[in-house]
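Reading through the structure tokens given below for one structure.
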Amino acid sequence: MGVSRRNFLKGSAIVAGAVGVAALNGNQAQAEADFEAAELRIKGLQHTTTICPYCAVGCGLIVHVKNGKVVNIEGDVEHPINNGSLCSKGAALIQVVNNDLRLTKVQYRAPKSDKWEEKSWDWAIERIAKLMKESRDNNFIKQETIKGKTYTVNRNEGMAVVGGAALDSEECYLLGKFARAMGVGYLEHQARI
Ligand code: SF4
């Protein structure tokens, strides 16, 4: 029996459709299996929410912990900023937490020294506070006279503060308040530099 061109095309379309449906079913089954495997991986684990530290988008994260160790970080589907999605940097965040190269202790290199020393956090905080106080005391301008008129300015010319893109609104507010309290006039943000 001869096959007309029209019947051949019809038959081809039916076969292609059947193959497509089978492939679709296969993909769906695989997707379901992947989903179940992912669910099992974090089932019953302690979890908490946080914000990605990298950039000002501020994507929401869910962090899963097992026996005190972070075992999974993923986008928070309930977060209004990212709805669960993450960029490649955010998706690789677990490598920041679990990384042998990550510095977790204070490293200090004294002036003119060629080596790093390990110091405690208390030591570091006290030293930073001391240097800030010294800098402020040595560079504080209480009053300034312009065109014969004297103004109270309370300006600290020995310090500057630079905000980072990962700071959220509340952190920016506190940092701004702190800088003003220290008399800092040079208050900038990374995004403007
Ligand atoms: S996941 Fe990417 S886009 Fe979102 S805050 Fe982190 S670095 Fe920014």
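Residue numbers start at 1 in each chain; chains themselves are named A, B, ... in the order of the structure tokens; ligands are numbered from 1 in the order shown.
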>> ligand 1: which residues are within 9 Å, counting only C-alpha atoms and all ligand atoms? Reply as a PyMOL selection string.
In response: chain A and resi 51-61+75+81-82+85-93+166
Only C-alpha atoms, please: the residues just picked out, written as a short mmCIF file (atom, residue, chain, number, x, y, z; two decimals), in the first residue's frame.
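Written output follows (result-v3.cif):
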data_model
loop_
_atom_site.label_atom_id
_atom_site.label_comp_id
_atom_site.auth_asym_id
_atom_site.auth_seq_id
_atom_site.Cartn_x
_atom_site.Cartn_y
_atom_site.Cartn_z
CA ILE A 51 20.76 36.78 54.66
CA CYS A 52 23.45 36.26 52.03
CA PRO A 53 26.50 38.31 53.09
CA TYR A 54 27.78 39.07 49.60
CA CYS A 55 25.83 41.89 48.03
CA ALA A 56 23.15 44.50 48.59
CA VAL A 57 20.41 42.40 46.99
CA GLY A 58 20.15 40.70 50.39
CA CYS A 59 18.78 37.31 49.32
CA GLY A 60 17.21 35.17 52.02
CA LEU A 61 18.79 31.82 52.90
CA GLY A 75 17.48 30.02 48.91
CA ILE A 81 13.60 39.45 47.79
CA ASN A 82 14.64 36.23 46.06
CA SER A 85 16.53 31.73 43.98
CA LEU A 86 20.22 32.48 44.40
CA CYS A 87 22.94 33.63 42.04
CA SER A 88 25.99 31.40 41.57
CA LYS A 89 27.87 33.10 44.40
CA GLY A 90 24.99 32.65 46.82
CA ALA A 91 24.45 29.06 45.70
CA ALA A 92 28.09 28.26 46.55
CA LEU A 93 27.95 29.81 50.03
CA ALA A 166 26.23 43.76 52.29
#
> DSSP says helix (DSSP H, G or I) for which residues of stretch 6-193 of chain A? Put them as an MDAnalysis selection string?
Replying inline: chainID A and resid 6:42 88:91 94:97 121:139 169:181 190:192
>> Can you tell me, as an NGL selection string, which residues in stretch 36-93 of chain A count as strand (DSSP E or B) by DSSP?
In response: :A and (46-51 or 60-66 or 69-75)
>> Show me, as a ChimeraX atom specification, the residues that have an atom within 12 Å of A:Thr104 when counting only C-alpha atoms, minus same-chain residues fewer than 5 positions from it.
In response: /A:96-99,118-121
Would you save the residues of that selection, restricted to N, CA and C atoms, as a compact mmCIF listing (two decimals), in the first residue's frame?
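The resulting file, selection-v2.txt, is shown below:
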# COMPACT_ATOMS: atom_id res chain seq x y z
N VAL A 96 31.99 28.69 51.71
CA VAL A 96 32.60 29.72 52.56
C VAL A 96 32.62 29.23 54.01
N VAL A 97 31.53 28.57 54.40
CA VAL A 97 31.43 28.10 55.79
C VAL A 97 32.38 26.93 56.03
N ASN A 98 32.28 25.93 55.16
CA ASN A 98 33.12 24.73 55.34
C ASN A 98 34.34 24.84 54.43
N ASN A 99 35.33 25.52 54.93
CA ASN A 99 36.50 25.76 54.09
C ASN A 99 37.74 25.83 54.98
N GLU A 118 48.88 35.34 65.85
CA GLU A 118 47.49 35.06 66.20
C GLU A 118 47.14 35.77 67.50
N LYS A 119 46.01 36.48 67.51
CA LYS A 119 45.59 37.22 68.70
C LYS A 119 44.15 36.87 69.04
N SER A 120 43.76 37.22 70.28
CA SER A 120 42.37 36.93 70.68
C SER A 120 41.46 38.06 70.19
N TRP A 121 40.16 37.77 70.12
CA TRP A 121 39.20 38.79 69.71
C TRP A 121 39.18 39.93 70.72
>> Excluding stretch 186-189 of chain A and its own-chain neighbours fewer than 4 positions away, which residues fall within 8 Å of it when counting only C-alpha atoms? Please give them as number ranges by chain.
In response: A: 157, 159-165, 176, 179, 193
> To one decimal place, how far is atom CA of A:Val63 from atom CA of A:Thr50 in Å?
Replying inline: 7.4 Å
>> Please list as a PyMOL selection string every residue within 9 Å of A:Ser135, counting only C-alpha atoms and excluding residues in the same chain fewer than 3 positions away.
In response: chain A and resi 130-132+138-140+156-159
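Close contacts of A:Ile62, defined as residues with an atom at most 9 Å away when counting only C-alpha atoms, with chain neighbours fewer than 5 positions off set aside, comprise A:His47, A:Thr48, A:Thr49, A:Thr50, A:Ile51, A:Asn72, A:Ile73, A:Glu74, A:Gly75, A:Asp76, A:Val77.
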What does the file look like for those residues with N, CA and C atoms, as an mmCIF file, in the first residue's frame?
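Produced file part36.cif, reproduced below:
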data_model
loop_
_atom_site.group_PDB
_atom_site.id
_atom_site.type_symbol
_atom_site.label_atom_id
_atom_site.label_comp_id
_atom_site.auth_asym_id
_atom_site.auth_seq_id
_atom_site.Cartn_x
_atom_site.Cartn_y
_atom_site.Cartn_z
ATOM 1 N N HIS A 47 17.314 23.957 61.359
ATOM 2 C CA HIS A 47 17.569 24.973 60.330
ATOM 3 C C HIS A 47 17.269 26.367 60.850
ATOM 4 N N THR A 48 17.874 27.332 60.181
ATOM 5 C CA THR A 48 17.653 28.730 60.553
ATOM 6 C C THR A 48 17.680 29.580 59.288
ATOM 7 N N THR A 49 17.112 30.768 59.364
ATOM 8 C CA THR A 49 17.137 31.655 58.188
ATOM 9 C C THR A 49 18.166 32.758 58.396
ATOM 10 N N THR A 50 18.720 33.226 57.300
ATOM 11 C CA THR A 50 19.675 34.329 57.375
ATOM 12 C C THR A 50 19.714 35.032 56.017
ATOM 13 N N ILE A 51 20.651 35.968 55.890
ATOM 14 C CA ILE A 51 20.759 36.777 54.660
ATOM 15 C C ILE A 51 22.134 36.523 54.031
ATOM 16 N N ASN A 72 23.931 22.265 54.599
ATOM 17 C CA ASN A 72 23.189 22.697 53.409
ATOM 18 C C ASN A 72 22.799 24.167 53.548
ATOM 19 N N ILE A 73 22.954 24.912 52.447
ATOM 20 C CA ILE A 73 22.460 26.300 52.392
ATOM 21 C C ILE A 73 21.698 26.452 51.088
ATOM 22 N N GLU A 74 20.464 26.942 51.198
ATOM 23 C CA GLU A 74 19.684 27.124 49.971
ATOM 24 C C GLU A 74 18.843 28.390 50.073
ATOM 25 N N GLY A 75 18.306 28.825 48.930
ATOM 26 C CA GLY A 75 17.477 30.024 48.911
ATOM 27 C C GLY A 75 16.186 29.809 49.688
ATOM 28 N N ASP A 76 15.741 30.855 50.361
ATOM 29 C CA ASP A 76 14.516 30.782 51.160
ATOM 30 C C ASP A 76 13.323 31.141 50.263
ATOM 31 N N VAL A 77 12.476 30.157 49.980
ATOM 32 C CA VAL A 77 11.332 30.400 49.079
ATOM 33 C C VAL A 77 10.339 31.397 49.656
#
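Between atom CA of A:Glu39 and atom CA of A:His64 there is a distance of 11.7 Å.
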